[in-house]
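K.L.:
This is the structure I have questions about; it appears just below.
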Amino acid sequence: MCRREGHCVGCVANPLPDASPLIFHLSCPHANARIYLRTSGIAITNAGLNPKNFFAELKRRKVYRVAAAYAVASWLLIQIATQVFPFFEIPNWAVRLVVLVLCLGFPIAVILAWIFDITPQGIRKTDEIGAEQKRTSVGETQIRQKSIAVLPFQNLSDNKENEYFAAGVHDDILSSLAKVADLKVISRTSVQQFKSGSQNLREIGAALGVAHILEGTARRVGNRVRVNAQLIDACTDGNIWSETFDREITDLFALQSELAERITQSLRANLSPREKTSMQAHPTRDIDAYELYLRARGLFHWAGSGYSHDKGAEALHLIKEAILRDPQFALAYALGSRLHSELFFFGYDKTRARLEQAKAAAETAFRLQPDLGEAHLANAFYYYYGFRRYDLARAHVAAAVRAIPNSVDVLVAAGAIARREGQWSEAVSNFERARERDPRSLSVLWNLFETYLALHQYAEAEAAIGDALPVSPSAHFFMLARRSLDLYRTGETAPLRSALRQVPSHFDPGGAVTTIALR
C-alpha cells in the first residue's frame with residue numbers, strides 16, 4: 001500500500017513496534033523514486049526458532065527418512081569393511097578412513113535432503129515443490145462441491161444508469177451467501193474480472209476453484225424488475241436450474257434472499273438457525289441509498305499501484321448521501337468508519353478528529369446492528385489502525401468471522417493481526433484461506449508475498465507474485481517485488497535496479513511518491 005510521506009518513499013510494511021529492521025536503500029533518478037526494503041528481525045527470529053514448525057518441516061522434507069537410511073547404509077558398510085578388509089590384508093587405517101568418510105558425509109546428506117527431493121521429474125528443490133503444491137490447492141483436484149462463484153449480473157436495462165442496480169442484485173446475493181459457513185463463496189474482487197466477454201465457464205470454474213457458477217441478468221423498467229438466473233455445474237458446463245423472477249422494485253431484497261436460499265438448497269449447504277435468520281436481513285430498504293453505498297465501496301480498494309486520497313474523499317461523500325437517505329443504514333456507517341481509519345493509517349490525515357469520526361461511525365453501525373459482521377470489522381480496524389490494540393481488534397475480528405465466515409476482508413484482517421503478533425502460522429493460514437476465496441485479489445496476494453518474504457520462504461513469495469502479475473501486468477509494485485527477491489536471496493541489487501528503471505518517471509499513484517512495502 002502507499003501513503004504520502006513528503007517527497008521520499010519510506011517502507012511501510014507495518015513492522016512490529018519493537019522490530020530492528022535491516023534496511024537496503026536503492027535509488028534511481030530515471031524513475032524519480034527511492035525504495036527502502038526492510039526485514040523484520042523479529043519475523044525472522046520467530047520463524048526460525050519455532051521448534052514445532054522446525055520439526056514439522058524436517059518431516060515434510062523427508063530429512064528423518066534420509067538420516068535413517070544413511071545410518072543403516074553406513075552401519076552395513078562399516079560391518080563389511082571390518083569383516084572383509086582383514087581377509088584381504090588391507091591396513092586398519094583403511095577401516096578408520098571408511099568410518100571417518102561416512103561420518104563426514106552424514107551432515108552433507110542431511111543438508112542435501114533439506115534442499116532437494118527426488119520426484120518423477122528428477123531431482124528438484126523442495127521449496128519449488130512446496131510452492132507448486134500450494135498453487136494447485138485451488139486446482140480441480142481440490143475443488144469442494146459446496147463451492148460457488150456468482151458472476152456479475154448483466155444489466156439489460158435500456159437506461160445504462162441502472163448499472164448499479166444490476167451490481168446491487170449481484171452484491172446482495174454474494175453478501176447473503178457469504179454468511180453461510182458451509183459454503184465456499186468466491187469474493188466479488190475475483191468474479192468481477194469475468195464481467196464481460198464470451199466466457200468459458202469450465203475455465204472460469206477451474207481458475208476460481210469452484211464446482212458451481214451462477215450467472216444472470218437484471219432488467220429494471222419503472223417500478224418493475226426482472227431477474228433471470230441460472231446455476232451451472234462448472235465441471236460439466238451443464239445447467240442445474242434456471243429461473244426468472246418478476247417483482248416490484250420494493251420486493252427486490254426479498255427476491256434476492258429467495259434466490260440465495262435456492263442456491264444453498266441446490267448445493268445442499270447446512271444452515272444454522274442464525275444463518276437462516278441473517279440471510280433474511282437486508283442492509284436497507286432504500287434502493288438509491290444502496291446504490292450510493294455500492295459506488296462508495298467501488299472506490300475502496302487497492303489495485304497494486306497505490307491508494308488514492310481523492311477516491312477516499314469521494315467515497316465518504318457518497319456514504320454521507322446514503323446515510324442521509326437512510327439514517328438506519330448500518331452497513332454504510334461501517335464502510336464510512338473503515339474509510340476514516342484508512343485515511344488516518346496511511347498518512348493522509350493523522351489528526352485526532354479523523355480517528356474520532358472513525359470511532360463514531362463504527363459505534364453507530366454496532367448500535368444499529370450488534371450482530372453485523374461489517375460493524376465488528378470496522379471496530380477492529382479502528383483499534384488496529386488507530387492504536388495498534390491488536391487484542392481488541394482480534395476480538396472484533398473473531399465476532400466478524402462468526403457473522404460472515406466467507407468474507408475475504410475479515411480473513412485478511414485476521415491474518416494481518418496474527419502477523420503483527422508474531423503468530424506466523426496463523427497469519428499464513430488466514431491469508432491462504434483468503435486466497436482460496438479471492439484467488440485474483442491483488443491485496444490478498446500482496447499480503448501473502450509480504451508474509452512469505454518475512455519467513456524467508458522465497459519460493460512461496462515468488463508464487464504469489466506469479467499469480468498477481470497476470471491479473472495486473474502493469475502493477476509496478478509486483479514487478480519490483482519480484483526483482484527484490486534477488487536482493488533478499490543473494491544481496492544482488494542489479495535486478496531490482498533494472499526493474500526500477502522500467503517504471504515510468506510519472507508513476508505517482510494517489511498524488512504521493514510510490515511506497516513499496518516489503519517486510
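Simple scheme: letters A, B, ... for chains in C-alpha cells order, numbers from 1 for residues in each chain, numbers from 1 for ligands in the order shown.
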Report as a tab-separated table: every residue of segment 444-480 of chain A with an atom at most 9 Å from segment 400-424 of chain A, its closest pair of atoms, and their distance in Å to one decimal, counting only C-alpha atoms, with rows sorted by chain and ascending residue number.

P.N.:
```
residue	atom	partner	partner_atom	distance
A:Val444	CA	A:Val412	CA	7.0
A:Asn447	CA	A:Val412	CA	8.0
A:Thr451	CA	A:Arg419	CA	7.6
A:Leu455	CA	A:Trp424	CA	8.1
```

K.L.:
Please produce a file of the residues just selected, as an mmCIF file, in the first residue's frame, where the atoms kept are N, CA and C atoms.

P.N.:
```cif
data_model
loop_
_atom_site.group_PDB
_atom_site.id
_atom_site.type_symbol
_atom_site.label_atom_id
_atom_site.label_comp_id
_atom_site.auth_asym_id
_atom_site.auth_seq_id
_atom_site.Cartn_x
_atom_site.Cartn_y
_atom_site.Cartn_z
ATOM 1 N N VAL A 444 -4.810 -9.506 -1.471
ATOM 2 C CA VAL A 444 -4.549 -10.789 -0.802
ATOM 3 C C VAL A 444 -3.184 -11.334 -1.211
ATOM 4 N N ASN A 447 -0.355 -9.458 0.475
ATOM 5 C CA ASN A 447 -0.179 -9.855 1.869
ATOM 6 C C ASN A 447 0.529 -11.203 1.973
ATOM 7 N N THR A 451 4.219 -11.832 3.761
ATOM 8 C CA THR A 451 4.353 -12.778 4.860
ATOM 9 C C THR A 451 5.383 -13.860 4.537
ATOM 10 N N LEU A 455 9.167 -14.725 6.243
ATOM 11 C CA LEU A 455 9.520 -16.061 6.715
ATOM 12 C C LEU A 455 10.670 -16.684 5.922
#
```

K.L.:
I'd like the neighbourhood of segment 378-393 of chain A as number ranges by chain, where a residue qualifies if any of its atoms comes within 7 Å (using only C-alpha atoms), though same-chain residues fewer than 4 positions away should be ignored.

P.N.:
A: 334, 337-338, 341, 345, 355, 358-359, 362, 374, 397, 417

K.L.:
List as a PyMOL selection string the protein and nucleic acid residues near segment 191-196 of chain A, meaning an atom at most 9 Å away when only C-alpha atoms are counted, but skip any in the same chain fewer than 4 places from it.

P.N.:
chain A and resi 149-154+186-187+204+208+438+440+471

K.L.:
Keeping C-alpha atoms for every residue in the selection just given, could you write it to a file as a PDB file, in the first residue's frame?

P.N.:
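As a result, result_19.pdb now contains:
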```
ATOM      1  CA  ALA A 149     -18.788 -18.190  -7.931  1.00  0.00           C
ATOM      2  CA  VAL A 150     -21.568 -15.675  -8.582  1.00  0.00           C
ATOM      3  CA  LEU A 151     -20.620 -13.838 -11.765  1.00  0.00           C
ATOM      4  CA  PRO A 152     -21.621 -10.177 -12.143  1.00  0.00           C
ATOM      5  CA  PHE A 153     -25.185  -9.849 -13.428  1.00  0.00           C
ATOM      6  CA  GLN A 154     -25.580  -8.344 -16.890  1.00  0.00           C
ATOM      7  CA  ILE A 186     -15.666 -16.525  -4.238  1.00  0.00           C
ATOM      8  CA  SER A 187     -15.328 -12.835  -3.407  1.00  0.00           C
ATOM      9  CA  ILE A 204     -13.663 -19.862 -15.044  1.00  0.00           C
ATOM     10  CA  LEU A 208     -11.584 -19.774  -9.318  1.00  0.00           C
ATOM     11  CA  ASP A 438     -10.416 -14.493  -3.714  1.00  0.00           C
ATOM     12  CA  ARG A 440      -7.270 -12.986  -8.111  1.00  0.00           C
ATOM     13  CA  VAL A 471      -4.140 -10.182 -13.176  1.00  0.00           C
TER      14      VAL A 471
END
```

K.L.:
A:Ala454, A:Met479, A:Ala313, A:Ala218: which is nearest Pro495 of chain A, counting only C-alpha atoms?

P.N.:
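Going through A:Ala454, A:Met479, A:Ala313, A:Ala218 one by one, the smallest distance to Pro495 of chain A is for A:Met479.
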
K.L.:
Got a sec: who's within 10 Å of Ile240 of chain A, counting only C-alpha atoms, leaving out chain neighbours fewer than 3 positions off, as a ChimeraX atom specification?

P.N.:
/A:212-214,230-233,237,266

K.L.:
Looking at only C-alpha atoms, which of A:Ser175, A:Ser157, A:Ser257, A:Ser242 is the one that sits closest to Arg220 of chain A?

P.N.:
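That would be A:Ser157, the residue with the smallest distance to Arg220 of chain A.
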
K.L.:
As an exercise, work out the distance from atom CA of Gly168 of chain A to atom CA of Gly373 of chain A in Å and give it to one decimal place.

P.N.:
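Rounded to one decimal, the two atoms are 18.9 Å apart.
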
K.L.:
To one decimal place, how far is atom CA of Ala468 of chain A from atom CA of Gln145 of chain A in Å?

P.N.:
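These atoms are spaced 26.0 Å apart.
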
K.L.:
List every residue of segment 163-349 of chain A that DSSP, applied to the backbone, labels as helix (DSSP H, G or I), and write the result as a PyMOL selection string.

P.N.:
chain A and resi 163-177+188-194+201-208+249-266+273-280+287-298+309-325+330-345

K.L.:
From the options A:Tyr452, A:Gly105, A:Thr493, A:Glu436, which residue's atoms come nearest to Ala73 of chain A, counting only C-alpha atoms?

P.N.:
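Under the stated criterion, the closest residue is A:Gly105.
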
K.L.:
If you measure from atom CA of Lys179 of chain A to atom CA of Glu275 of chain A, what distance in Å do you get, rounded to one decimal?

P.N.:
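Those two atoms sit 6.3 Å apart.
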
K.L.:
Counting only C-alpha atoms, which of A:Gly336, A:Gly205, A:Pro370, A:Pro91 gets nearest to Gln357 of chain A?

P.N.:
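When distances to Gln357 of chain A are compared using only C-alpha atoms, the smallest one comes from A:Gly336.
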
K.L.:
Neighbours of Ile173 of chain A within 10 Å (only C-alpha atoms; same-chain residues fewer than 5 positions away dropped), as a PyMOL selection string?

P.N.:
chain A and resi 150+168+178+253+255-261+263+279
